[in-house]
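This is run.cif. It holds mmCIF, C-alpha atoms and all ligand atoms.
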```
data_final
#
loop_
_atom_site.label_atom_id
_atom_site.label_comp_id
_atom_site.auth_asym_id
_atom_site.auth_seq_id
_atom_site.Cartn_x
_atom_site.Cartn_y
_atom_site.Cartn_z
CA ASP A 1 -7.51 6.39 -5.40
CA ARG A 2 -5.90 5.92 -2.01
CA THR A 3 -4.29 2.95 -0.28
CA SER A 4 -1.86 2.26 2.56
CA VAL A 5 0.81 0.40 0.59
CA LEU A 6 0.94 0.64 -3.19
CA ILE A 7 2.95 -2.24 -4.63
CA ALA A 8 4.33 -1.90 -8.16
CA GLY A 9 4.56 -5.31 -9.83
CA ALA A 10 3.14 -8.79 -9.20
CA GLY A 11 6.32 -10.90 -9.33
CA PRO A 12 7.61 -12.91 -6.37
CA ALA A 13 8.68 -9.73 -4.52
CA GLY A 14 5.37 -7.86 -4.82
CA LEU A 15 3.21 -10.89 -4.17
CA VAL A 16 5.08 -12.11 -1.09
CA LEU A 17 5.03 -8.57 0.29
CA GLY A 18 1.32 -8.18 -0.47
CA ASN A 19 0.47 -11.49 1.18
CA LEU A 20 2.45 -10.70 4.34
CA LEU A 21 0.84 -7.27 4.63
CA ARG A 22 -2.63 -8.70 4.10
CA ALA A 23 -1.95 -11.26 6.84
CA ALA A 24 -1.45 -8.27 9.17
CA GLY A 25 -4.67 -6.67 7.91
CA ILE A 26 -2.99 -3.84 6.01
CA GLU A 27 -4.68 -2.30 3.02
CA THR A 28 -2.67 -2.94 -0.16
CA LEU A 29 -3.02 -2.38 -3.88
CA ILE A 30 -0.83 -4.12 -6.46
CA LEU A 31 -0.63 -2.63 -9.96
CA GLU A 32 0.76 -5.05 -12.55
CA ARG A 33 1.53 -4.27 -16.18
CA GLY A 34 0.98 -7.81 -17.48
CA THR A 35 -2.18 -9.88 -17.65
CA ARG A 36 -2.78 -12.58 -15.05
CA GLU A 37 -2.09 -15.23 -17.71
CA GLN A 38 1.25 -13.64 -18.64
CA VAL A 39 2.42 -13.31 -15.07
CA GLN A 40 1.43 -16.89 -14.25
CA ALA A 41 3.20 -18.29 -17.30
CA ARG A 42 6.65 -16.70 -16.81
CA ALA A 43 9.01 -19.63 -16.29
CA ARG A 44 12.15 -18.31 -14.69
CA ALA A 45 13.46 -19.44 -11.32
CA GLY A 46 13.07 -22.82 -9.74
CA PHE A 47 15.51 -23.12 -6.86
CA LEU A 48 14.25 -21.85 -3.54
CA GLY A 49 16.77 -21.70 -0.72
CA ALA A 50 16.11 -22.65 2.87
CA ASN A 51 15.15 -19.13 3.93
CA SER A 52 12.61 -18.78 1.10
CA ALA A 53 11.01 -22.11 1.97
CA ARG A 54 10.82 -20.99 5.60
CA VAL A 55 9.14 -17.67 4.75
CA LEU A 56 6.58 -19.32 2.47
CA THR A 57 5.77 -22.03 4.99
CA GLU A 58 5.67 -19.74 8.01
CA TYR A 59 3.22 -17.31 6.39
CA GLY A 60 0.88 -19.96 4.98
CA LEU A 61 2.06 -19.59 1.36
CA GLY A 62 3.79 -22.93 0.97
CA ALA A 63 0.99 -25.45 0.36
CA GLY A 64 1.73 -25.90 -3.37
CA MET A 65 5.48 -25.96 -2.80
CA LEU A 66 5.17 -28.57 -0.06
CA ARG A 67 2.80 -30.67 -2.15
CA ASP A 68 4.45 -30.53 -5.59
CA GLY A 69 7.98 -29.24 -4.99
CA SER A 70 10.90 -31.56 -4.53
CA THR A 71 13.91 -31.17 -2.30
CA HIS A 72 17.46 -31.27 -3.65
CA GLY A 73 20.63 -31.59 -1.61
CA THR A 74 23.23 -32.55 -4.19
CA CYS A 75 24.89 -31.05 -7.23
CA ALA A 76 27.52 -32.37 -9.57
CA PHE A 77 30.40 -30.92 -11.55
CA ARG A 78 31.93 -32.32 -14.73
CA ASP A 79 35.10 -31.29 -16.46
CA GLU A 80 38.14 -32.79 -18.14
CA ASP A 81 39.15 -34.32 -14.81
CA GLY A 82 35.92 -36.30 -14.42
CA GLU A 83 32.75 -35.84 -12.37
CA PHE A 84 32.15 -35.37 -8.68
CA THR A 85 29.05 -34.83 -6.57
CA LEU A 86 28.69 -32.53 -3.58
CA ARG A 87 26.12 -33.45 -0.95
CA TYR A 88 25.69 -29.88 0.15
CA ASP A 89 22.84 -30.79 2.50
CA ARG A 90 25.53 -32.47 4.62
CA LEU A 91 27.99 -29.60 4.32
CA GLY A 92 27.96 -26.02 5.56
CA ARG A 93 24.74 -25.45 7.49
CA GLY A 94 23.23 -28.69 6.19
CA GLU A 95 20.46 -26.98 4.18
CA GLN A 96 18.74 -28.05 0.99
CA HIS A 97 16.86 -26.47 -1.92
CA THR A 98 13.21 -26.84 -2.78
CA VAL A 99 12.61 -26.98 -6.51
CA TYR A 100 9.31 -25.37 -7.42
CA PRO A 101 8.86 -23.51 -10.71
CA GLN A 102 8.46 -19.74 -10.34
CA GLN A 103 5.27 -19.63 -12.42
CA ARG A 104 3.65 -22.13 -10.04
CA LEU A 105 4.76 -20.09 -7.05
CA VAL A 106 3.43 -16.87 -8.61
CA SER A 107 0.07 -18.54 -9.37
CA ASP A 108 -0.21 -19.73 -5.75
CA LEU A 109 0.70 -16.27 -4.45
CA VAL A 110 -1.86 -14.48 -6.67
CA ALA A 111 -4.64 -16.84 -5.54
CA GLU A 112 -3.73 -16.51 -1.87
CA TYR A 113 -3.39 -12.71 -2.06
CA LEU A 114 -6.87 -12.39 -3.57
CA ALA A 115 -8.25 -14.83 -0.98
CA ARG A 116 -6.80 -12.56 1.72
CA GLY A 117 -8.79 -9.67 0.31
CA GLY A 118 -5.88 -7.96 -1.45
CA GLU A 119 -6.58 -5.67 -4.37
CA LEU A 120 -4.69 -6.45 -7.58
CA ARG A 121 -5.17 -4.83 -10.97
CA PHE A 122 -3.66 -6.45 -14.05
CA GLY A 123 -2.99 -4.61 -17.30
CA VAL A 124 -2.02 -1.42 -15.48
CA THR A 125 1.36 0.21 -16.21
CA ILE A 126 2.83 2.66 -13.74
CA THR A 127 4.24 5.58 -15.69
CA ASP A 128 5.36 8.11 -13.04
CA VAL A 129 6.55 7.70 -9.49
CA ASP A 130 6.83 10.42 -6.87
CA ALA A 131 8.89 8.95 -4.04
CA ASP A 132 8.40 11.94 -1.72
CA THR A 133 4.61 12.07 -1.84
CA ALA A 134 4.19 8.28 -2.35
CA SER A 135 2.00 8.71 -5.40
CA VAL A 136 2.06 7.09 -8.81
CA ARG A 137 0.43 7.75 -12.12
CA TYR A 138 -0.68 4.83 -14.26
CA ARG A 139 -2.10 3.92 -17.64
CA GLU A 140 -4.52 1.05 -18.16
CA ASP A 141 -4.29 -1.17 -21.24
CA GLN A 142 -7.55 0.38 -22.51
CA GLY A 143 -5.87 3.78 -22.36
CA ARG A 144 -7.47 5.23 -19.22
CA THR A 145 -5.02 6.99 -16.91
CA GLY A 146 -5.16 7.68 -13.19
CA GLN A 147 -3.31 8.34 -9.98
CA VAL A 148 -2.95 6.50 -6.67
CA ASP A 149 -1.80 8.17 -3.45
CA ALA A 150 -0.41 5.90 -0.76
CA ARG A 151 1.29 6.06 2.61
CA PHE A 152 4.17 3.97 1.24
CA LEU A 153 5.33 2.67 -2.14
CA ALA A 154 7.00 -0.70 -2.69
CA GLY A 155 8.99 -0.90 -5.93
CA CYS A 156 8.68 -4.56 -6.91
CA ASP A 157 8.62 -3.96 -10.67
CA GLY A 158 11.83 -5.74 -11.63
CA SER A 159 15.09 -4.47 -13.04
CA ASN A 160 13.48 -2.64 -15.96
CA GLY A 161 10.67 -1.10 -13.97
CA VAL A 162 9.98 2.56 -13.31
CA THR A 163 10.40 2.71 -9.55
CA ARG A 164 14.19 2.38 -9.56
CA GLN A 165 14.30 5.28 -12.00
CA ALA A 166 12.94 7.44 -9.19
CA VAL A 167 16.28 6.87 -7.44
CA PRO A 168 19.08 9.18 -8.62
CA ALA A 169 21.35 7.43 -11.17
CA PRO A 170 24.67 7.71 -9.26
CA ALA A 171 23.21 5.43 -6.59
CA ARG A 172 23.49 2.44 -8.93
CA CYS A 173 26.53 0.30 -9.48
CA ALA A 174 26.55 -2.31 -12.18
CA ARG A 175 28.61 -4.93 -13.90
CA ASP A 176 28.14 -6.64 -17.24
CA HIS A 177 30.01 -9.94 -16.89
CA GLY A 178 30.52 -10.15 -20.67
CA ILE A 179 28.97 -13.62 -20.75
CA SER A 180 25.71 -14.80 -22.32
CA TRP A 181 23.74 -17.95 -21.71
CA LEU A 182 21.14 -19.57 -23.90
CA ALA A 183 18.46 -20.53 -21.36
CA VAL A 184 16.45 -23.50 -22.58
CA LEU A 185 13.34 -25.20 -21.24
CA ALA A 186 12.79 -28.69 -22.60
CA GLU A 187 9.77 -30.91 -22.31
CA ALA A 188 11.96 -33.75 -21.18
CA PRO A 189 12.49 -35.47 -17.85
CA PRO A 190 15.71 -34.59 -16.03
CA SER A 191 18.68 -36.57 -17.32
CA MET A 192 20.57 -36.71 -14.05
CA PRO A 193 19.58 -36.95 -10.41
CA ALA A 194 21.23 -33.62 -9.49
CA VAL A 195 21.90 -30.15 -10.80
CA THR A 196 24.94 -30.60 -13.01
CA TYR A 197 27.46 -27.97 -14.02
CA ALA A 198 29.60 -29.00 -17.00
CA LEU A 199 32.80 -27.09 -17.66
CA HIS A 200 34.17 -27.43 -21.14
CA GLU A 201 36.58 -25.63 -23.44
CA ARG A 202 33.62 -24.86 -25.72
CA GLY A 203 31.88 -23.16 -22.80
CA PHE A 204 29.70 -23.89 -19.78
CA ALA A 205 26.61 -26.10 -19.87
CA GLY A 206 24.13 -26.60 -17.03
CA HIS A 207 21.32 -29.03 -16.24
CA MET A 208 18.59 -28.29 -13.69
CA ALA A 209 15.43 -30.27 -13.01
CA ARG A 210 12.22 -28.22 -12.93
CA SER A 211 9.65 -31.00 -12.62
CA PRO A 212 9.44 -34.68 -13.57
CA GLN A 213 8.47 -33.57 -17.11
CA VAL A 214 10.47 -30.36 -17.59
CA THR A 215 14.19 -29.64 -17.47
CA ARG A 216 16.12 -26.40 -17.74
CA TYR A 217 19.43 -26.35 -19.59
CA TYR A 218 21.91 -23.54 -20.01
CA LEU A 219 24.56 -23.14 -22.71
CA GLN A 220 27.15 -20.40 -22.65
CA VAL A 221 27.03 -18.73 -26.07
CA PRO A 222 29.11 -15.98 -27.68
CA PRO A 223 27.87 -12.50 -26.72
CA GLY A 224 25.63 -11.27 -29.53
CA ASP A 225 24.34 -14.74 -30.45
CA GLU A 226 20.63 -14.90 -31.19
CA ALA A 227 18.30 -17.49 -29.69
CA LYS A 228 16.76 -18.23 -33.09
CA SER A 229 20.08 -19.50 -34.43
CA TRP A 230 19.82 -22.39 -31.95
CA SER A 231 17.61 -25.14 -33.40
CA ASP A 232 16.51 -28.03 -31.18
CA GLU A 233 19.03 -30.27 -32.92
CA ARG A 234 21.91 -27.83 -32.45
CA ILE A 235 21.03 -27.41 -28.76
CA TRP A 236 21.01 -31.17 -28.06
CA THR A 237 24.23 -31.73 -30.03
CA GLU A 238 26.07 -28.98 -28.18
CA LEU A 239 24.73 -30.11 -24.80
CA ALA A 240 25.92 -33.66 -25.53
CA VAL A 241 29.46 -32.46 -26.27
CA ARG A 242 29.78 -30.22 -23.22
CA MET A 243 27.98 -32.63 -20.87
CA ARG A 244 30.42 -35.31 -22.11
CA THR A 245 27.62 -37.80 -22.71
CA GLY A 246 30.07 -40.28 -24.26
CA GLU A 247 31.62 -40.64 -20.84
CA PHE A 248 28.62 -40.06 -18.55
CA GLY A 249 25.54 -41.24 -20.46
CA ALA A 250 23.02 -39.75 -22.89
CA LEU A 251 20.57 -36.90 -22.21
CA ARG A 252 16.83 -37.51 -22.21
CA GLN A 253 15.70 -35.33 -25.08
CA GLY A 254 12.36 -33.67 -25.81
CA PRO A 255 10.99 -30.63 -27.61
CA VAL A 256 12.50 -27.27 -26.63
CA THR A 257 9.61 -25.09 -25.45
CA GLU A 258 11.55 -21.93 -24.64
CA ARG A 259 14.92 -20.57 -25.69
CA ARG A 260 16.17 -17.14 -24.74
CA ILE A 261 19.46 -15.33 -24.37
CA VAL A 262 20.27 -14.18 -20.84
CA ARG A 263 23.17 -11.76 -20.47
CA LEU A 264 24.92 -12.21 -17.17
CA ARG A 265 24.53 -8.80 -15.60
CA SER A 266 24.36 -7.59 -12.03
CA ASP A 267 23.59 -4.32 -10.37
CA VAL A 268 22.80 -2.98 -6.93
CA VAL A 269 20.98 0.22 -6.03
CA ASP A 270 22.96 1.41 -3.06
CA THR A 271 20.07 3.05 -1.20
CA LEU A 272 16.94 0.95 -1.19
CA ARG A 273 14.88 3.72 0.35
CA HIS A 274 14.13 7.00 -1.31
CA GLY A 275 11.58 9.16 0.48
CA ARG A 276 8.59 6.87 0.97
CA LEU A 277 9.65 4.45 -1.77
CA PHE A 278 11.30 1.11 -0.95
CA LEU A 279 12.90 -1.09 -3.61
CA VAL A 280 12.51 -4.86 -3.36
CA GLY A 281 13.75 -7.82 -5.44
CA ASP A 282 15.14 -7.27 -8.93
CA ALA A 283 14.20 -3.58 -8.66
CA ALA A 284 16.72 -3.29 -5.81
CA SER A 285 19.34 -5.56 -7.27
CA LEU A 286 19.60 -7.56 -10.45
CA ILE A 287 21.73 -10.64 -9.96
CA SER A 288 23.13 -12.90 -12.67
CA PRO A 289 21.38 -16.29 -12.64
CA SER A 290 24.68 -18.14 -12.07
CA ALA A 291 23.84 -19.02 -8.47
CA ALA A 292 20.00 -18.94 -8.69
CA LYS A 293 19.64 -16.20 -6.11
CA GLY A 294 17.24 -13.63 -7.62
CA ALA A 295 13.89 -14.92 -6.42
CA ASN A 296 15.41 -15.77 -3.05
CA LEU A 297 16.66 -12.23 -2.55
CA ALA A 298 13.21 -10.95 -3.52
CA ILE A 299 11.54 -13.09 -0.85
CA MET A 300 14.14 -12.16 1.79
CA ALA A 301 13.65 -8.41 1.25
CA ALA A 302 9.85 -8.73 1.06
CA GLU A 303 9.83 -10.29 4.52
CA VAL A 304 12.07 -7.56 5.97
CA LEU A 305 10.01 -4.77 4.41
CA ALA A 306 6.67 -6.31 5.42
CA ALA A 307 7.72 -6.40 9.08
CA ALA A 308 8.96 -2.80 8.91
CA LEU A 309 5.76 -1.56 7.22
CA VAL A 310 3.57 -3.33 9.78
CA ASP A 311 5.51 -1.60 12.58
CA ALA A 312 5.20 1.76 10.85
CA LEU A 313 1.49 1.50 10.03
CA LYS A 314 0.26 -0.25 13.15
CA ARG A 315 2.58 1.07 15.86
CA ASP A 316 3.90 4.28 14.38
CA ASP A 317 7.39 2.83 14.73
CA GLU A 318 9.56 3.64 11.69
CA ARG A 319 12.82 2.18 12.97
CA GLY A 320 12.48 -0.89 10.73
CA LEU A 321 11.92 1.31 7.68
CA ALA A 322 14.93 3.44 8.62
CA ALA A 323 17.05 0.27 8.80
CA TYR A 324 15.63 -1.40 5.66
CA SER A 325 18.57 -0.60 3.37
CA ARG A 326 21.11 -1.44 6.08
CA THR A 327 19.43 -4.77 6.78
CA CYS A 328 19.12 -5.93 3.17
CA LEU A 329 22.24 -4.63 1.44
CA PRO A 330 24.82 -6.85 3.19
CA ARG A 331 22.78 -9.93 2.26
CA ILE A 332 22.37 -8.70 -1.31
CA TRP A 333 26.13 -8.15 -1.58
CA ARG A 334 26.88 -11.59 -0.14
CA ALA A 335 24.68 -13.14 -2.80
CA GLN A 336 26.33 -10.95 -5.45
CA GLU A 337 29.79 -11.97 -4.27
CA PHE A 338 28.93 -15.67 -4.40
CA SER A 339 27.21 -15.31 -7.74
CA HIS A 340 30.36 -13.66 -9.08
CA TRP A 341 32.49 -16.45 -7.59
CA MET A 342 30.26 -18.96 -9.43
CA ILE A 343 30.77 -17.09 -12.69
CA GLY A 344 34.53 -17.50 -12.19
CA LEU A 345 34.06 -21.19 -11.44
CA LEU A 346 31.89 -21.98 -14.44
CA HIS A 347 33.43 -20.04 -17.32
CA ASP A 348 36.76 -19.64 -18.92
CA GLN A 349 38.00 -18.49 -22.26
CA GLY A 350 39.88 -21.71 -23.01
CA GLY A 351 43.10 -21.33 -24.98
CA ALA A 352 42.48 -17.60 -25.39
CA GLU A 353 43.25 -16.96 -21.73
CA PRO A 354 45.32 -19.85 -20.29
CA PHE A 355 45.98 -18.18 -16.94
CA GLY A 356 42.24 -17.80 -16.34
CA SER A 357 41.66 -21.41 -17.41
CA ALA A 358 44.20 -22.69 -14.94
CA LEU A 359 42.62 -20.65 -12.14
CA ARG A 360 39.20 -21.99 -13.02
CA ARG A 361 40.49 -25.57 -12.99
CA THR A 362 42.21 -25.02 -9.66
CA ARG A 363 39.06 -23.54 -8.12
CA LEU A 364 37.13 -26.63 -9.15
CA GLY A 365 39.95 -28.85 -7.84
CA ASN A 366 39.73 -27.13 -4.47
CA LEU A 367 36.01 -27.79 -4.38
CA ARG A 368 36.62 -31.43 -5.26
CA GLU A 369 39.22 -31.97 -2.56
CA SER A 370 38.92 -29.51 0.32
CA ARG A 371 36.24 -29.78 2.99
CA ALA A 372 36.72 -26.09 3.84
CA HIS A 373 35.98 -25.08 0.24
CA GLN A 374 32.97 -27.41 0.17
CA ASP A 375 31.55 -25.89 3.35
CA PHE A 376 32.01 -22.41 1.90
CA PHE A 377 30.17 -23.49 -1.23
CA ALA A 378 27.30 -25.18 0.63
CA GLU A 379 26.74 -22.28 3.00
CA ASN A 380 26.54 -19.75 0.20
CA TYR A 381 24.79 -21.93 -2.38
CA VAL A 382 21.64 -22.52 -0.32
CA GLY A 383 21.76 -19.62 2.12
CA ILE A 384 21.68 -15.87 1.85
P1 LIG B 1 9.86 -9.78 -11.51
O1 LIG B 1 9.60 -11.25 -11.39
O2 LIG B 1 10.59 -9.32 -12.70
O3 LIG B 1 8.45 -9.05 -11.41
C1 LIG B 1 8.31 -7.68 -11.67
C2 LIG B 1 6.89 -7.44 -12.11
O4 LIG B 1 6.68 -6.04 -12.28
C3 LIG B 1 5.92 -5.82 -13.47
N1 LIG B 1 6.19 -4.46 -13.96
C4 LIG B 1 5.32 -3.43 -13.85
N2 LIG B 1 4.08 -3.35 -13.34
C5 LIG B 1 3.45 -2.14 -13.38
N3 LIG B 1 4.02 -1.01 -13.92
C6 LIG B 1 5.26 -1.05 -14.44
N4 LIG B 1 5.81 0.04 -14.96
C7 LIG B 1 5.97 -2.30 -14.42
N5 LIG B 1 7.19 -2.70 -14.85
C8 LIG B 1 7.30 -4.00 -14.56
C9 LIG B 1 6.37 -6.91 -14.40
O5 LIG B 1 5.39 -7.19 -15.41
C10 LIG B 1 6.55 -8.08 -13.44
O6 LIG B 1 5.39 -8.87 -13.31
O7 LIG B 1 10.67 -9.21 -10.25
P2 LIG B 1 10.70 -9.69 -8.71
O8 LIG B 1 9.32 -9.84 -8.16
O9 LIG B 1 11.68 -8.81 -8.06
O10 LIG B 1 11.29 -11.19 -8.77
C11 LIG B 1 12.60 -11.45 -9.22
C12 LIG B 1 12.68 -12.83 -9.87
O11 LIG B 1 11.68 -12.96 -10.85
C13 LIG B 1 14.07 -13.05 -10.49
O12 LIG B 1 15.08 -12.59 -9.62
C14 LIG B 1 14.36 -14.56 -10.74
O13 LIG B 1 13.51 -15.04 -11.73
C15 LIG B 1 15.82 -14.75 -11.14
N6 LIG B 1 16.11 -16.16 -11.51
C16 LIG B 1 16.27 -17.11 -10.53
N7 LIG B 1 16.16 -16.79 -9.22
C17 LIG B 1 16.25 -17.74 -8.25
O14 LIG B 1 16.17 -17.41 -7.06
N8 LIG B 1 16.46 -19.07 -8.58
C18 LIG B 1 16.56 -19.50 -9.88
O15 LIG B 1 16.68 -20.71 -10.14
C19 LIG B 1 16.49 -18.49 -10.92
N9 LIG B 1 16.58 -18.84 -12.23
C20 LIG B 1 16.20 -16.51 -12.87
C21 LIG B 1 16.44 -17.87 -13.20
C22 LIG B 1 16.05 -15.57 -13.89
C23 LIG B 1 16.15 -15.95 -15.22
N10 LIG B 1 16.03 -14.94 -16.20
C24 LIG B 1 14.97 -14.93 -17.13
C25 LIG B 1 16.86 -13.79 -16.08
C26 LIG B 1 16.53 -18.26 -14.52
C27 LIG B 1 16.41 -17.29 -15.56
C28 LIG B 1 16.53 -17.76 -16.97
#
```
Show this structure as structure tokens.
Ligand code: RFL
Amino acid sequence: DRTSVLIAGAGPAGLVLGNLLRAAGIETLILERGTREQVQARARAGFLGANSARVLTEYGLGAGMLRDGSTHGTCAFRDEDGEFTLRYDRLGRGEQHTVYPQQRLVSDLVAEYLARGGELRFGVTITDVDADTASVRYREDQGRTGQVDARFLAGCDGSNGVTRQAVPAPARCARDHGISWLAVLAEAPPSMPAVTYALHERGFAGHMARSPQVTRYYLQVPPGDEAKSWSDERIWTELAVRMRTGEFGALRQGPVTERRIVRLRSDVVDTLRHGRLFLVGDAASLISPSAAKGANLAIMAAEVLAAALVDALKRDDERGLAAYSRTCLPRIWRAQEFSHWMIGLLHDQGGAEPFGSALRRTRLGNLRESRAHQDFFAENYVGI
């Protein structure tokens, strides 16, 4: 088989890229390991920054988001010194988030991509990648194997995919933050009007609306903990303690529909181009979910790469491709830096590390009191 742009993976990165290329009339083929049902059911991100909302709207991909998403411009922090709210849509650049569950976004993007005449094969796993010749070998779920030759390859297959393995190992730098979260989805309406970060000596707890019926909660748990040791009852009890419900009001409970351990890890591949292969999204850089940046970085890079591929394929102008790494990496590192700053804000080891605890408390105090710190937060929290 032959195509112009072979896209590995149908997550936010691959689907935004595919849609933008189809809008320019470029021939594309997406190969995706999962089934359509699996891909459309993966509940992960929810917070889209201003740039992501712009890209989706500008390229005609935002109808669902505009119809069913909701905008958020405030977040709250709780700790032993009380609670305060930041109206970040009136700080920094004055931007807000759009909350729209990732699985809804992915479903919209699949439908639109197919409507634009894009080719997409589910149940196909890429097994080998040749970055120099832009060809891949694949295996279908039924066992049949094959090869696709392309002009360009886009590696949008996530942090555990095969495309980043085609990049030499020394080009990766990584950090394991040594922190784990239990990520919970509950069939329960949000308990508070804003995203709430609760800092507690027992560990961090977070609350994020997903929809009027579904709420995401996070609980910091000891590294090595297993999700199955967290019953619904244990989750709600622990959330109540850390969210200080005695002081601030009870949580609206409901059945827990998903619980999984997320290790806070980050890595960046320091050259996003290798031969005719370009890495996008989590394949280029995994970012800890502490600042909700992953899907936003995926959309940012997809837009940059789409424009560069259109120039290369339609006008024989490869300058955009040559600059792809240089354009994306500073933004990726800014998001990484802020995400790391958030990790320092949200976690401490309590009595085990009193110096760190005092720093954490001071950082939150600065955010509570200083307009300059609040502007820094707002600018980085919504923007890339
Ligand atoms: P994805 O979404 O992982 O998609 C990659 C796709 O590639 C397929 N694939 C293959 N296909 C063919 N052959 C192979 N060999 C393949 N190997 C893999 C996979 O099946 C999959 O469909 O990567 P992409 O497109 O780069 O998108 C990245 C985002 O999904 C990710 O960054 C976010 O979900 C991160 N994230 C958040 N990001 C935000 O911007 N805001 C948030 O609020 C937010 N919350 C989160 C998150 C991630 C979380 N987890 C699970 C780590 C909350 C959580 C709990």
*For Ala24 in chain A, please output as a list in words all residues within 10 Å (counting only C-alpha atoms; exclusion window: fewer than 6 positions along the same chain).*
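Here the answer would be Ala306, Ala307, Val310 and Lys314 of chain A.
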*Extract, using only C-alpha atoms, all DNA, RNA and protein residues at most 10 Å from range 254-259 of chain A, discarding same-chain residues fewer than 5 positions from it, and format them as a list of chain:residue names.*
A:Ala43, A:Leu182, A:Ala183, A:Val184, A:Leu185, A:Ala186, A:Glu187, A:Ala188, A:Pro189, A:Gln213, A:Val214, A:Thr215, A:Arg216, A:Tyr217, A:Tyr218, A:Glu226, A:Ala227, A:Lys228, A:Trp230, A:Ser231, A:Asp232, A:Glu233, A:Ile235, A:Trp236
*So, counting only C-alpha atoms and all ligand atoms, which residue among A:Ala302, A:Leu66, A:Ile26, A:Leu56 is closest to ligand LIG 1 (chain B)?*
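Ranking A:Ala302, A:Leu66, A:Ile26, A:Leu56 by distance to ligand LIG 1 (chain B), first place goes to A:Ala302.
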*Select all residues near (21.1, -31.0, -14.4) (cut-off 9 Å, inclusive, file coordinates), counting all atoms listed in the file, and output them as a list in words.*
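Residues close enough to count: Cys75, Ala76, Pro190, Ser191, Met192, Pro193, Ala194, Val195, Thr196, Tyr197, Gly206, His207, Met208, Ala209, Thr215, Arg216 and Tyr217 of chain A.
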_To one decimal place in Å, what is the distance between atom N2 of ligand LIG 1 (chain B) and CA of Ala45 in chain A?_
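Between atom N2 of ligand LIG 1 (chain B) and CA of Ala45 in chain A the gap is 18.7 Å.
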*Mind giving me the straight-line distance from CA of Arg42 in chain A to atom O6 of ligand LIG 1 (chain B) in Å, one decimal?*
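Atom-to-atom, CA of Arg42 in chain A and atom O6 of ligand LIG 1 (chain B) are spaced 8.7 Å apart.
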*CA of Arg90 in chain A to CA of Ile384 in chain A, straight-line distance in Å*: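 Calculated distance between CA of Ile384 in chain A and CA of Arg90 in chain A is 17.3 Å.
Between Gln165 in chain A and the candidates A:Asp108, A:Ala284, A:Ala63, A:Arg234, the tightest atom-to-atom separation, counting all atoms listed in the file, involves A:Ala284.
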*Could you please extract the residues within 7 Å of ligand LIG 1 (chain B), counting all atoms listed in the file, and hand them back as number ranges by chain?*
A: 8-14, 31-34, 39, 44-48, 124-127, 156-162, 183, 262, 280-283, 286-287, 289, 292-298
*Residue with smallest distance to Asp176 in chain A - pool A:Thr74, A:Gln40, A:Ser135, A:Ser288, counting all atoms listed in the file*: A:Ser288
_Contacts of Phe278 in chain A within 7 Å, all atoms listed in the file, excl. fewer than 3 positions in-chain, as a list in words_ = Leu153, Ala154, Gly155, Leu272, Arg273 and His274 of chain A
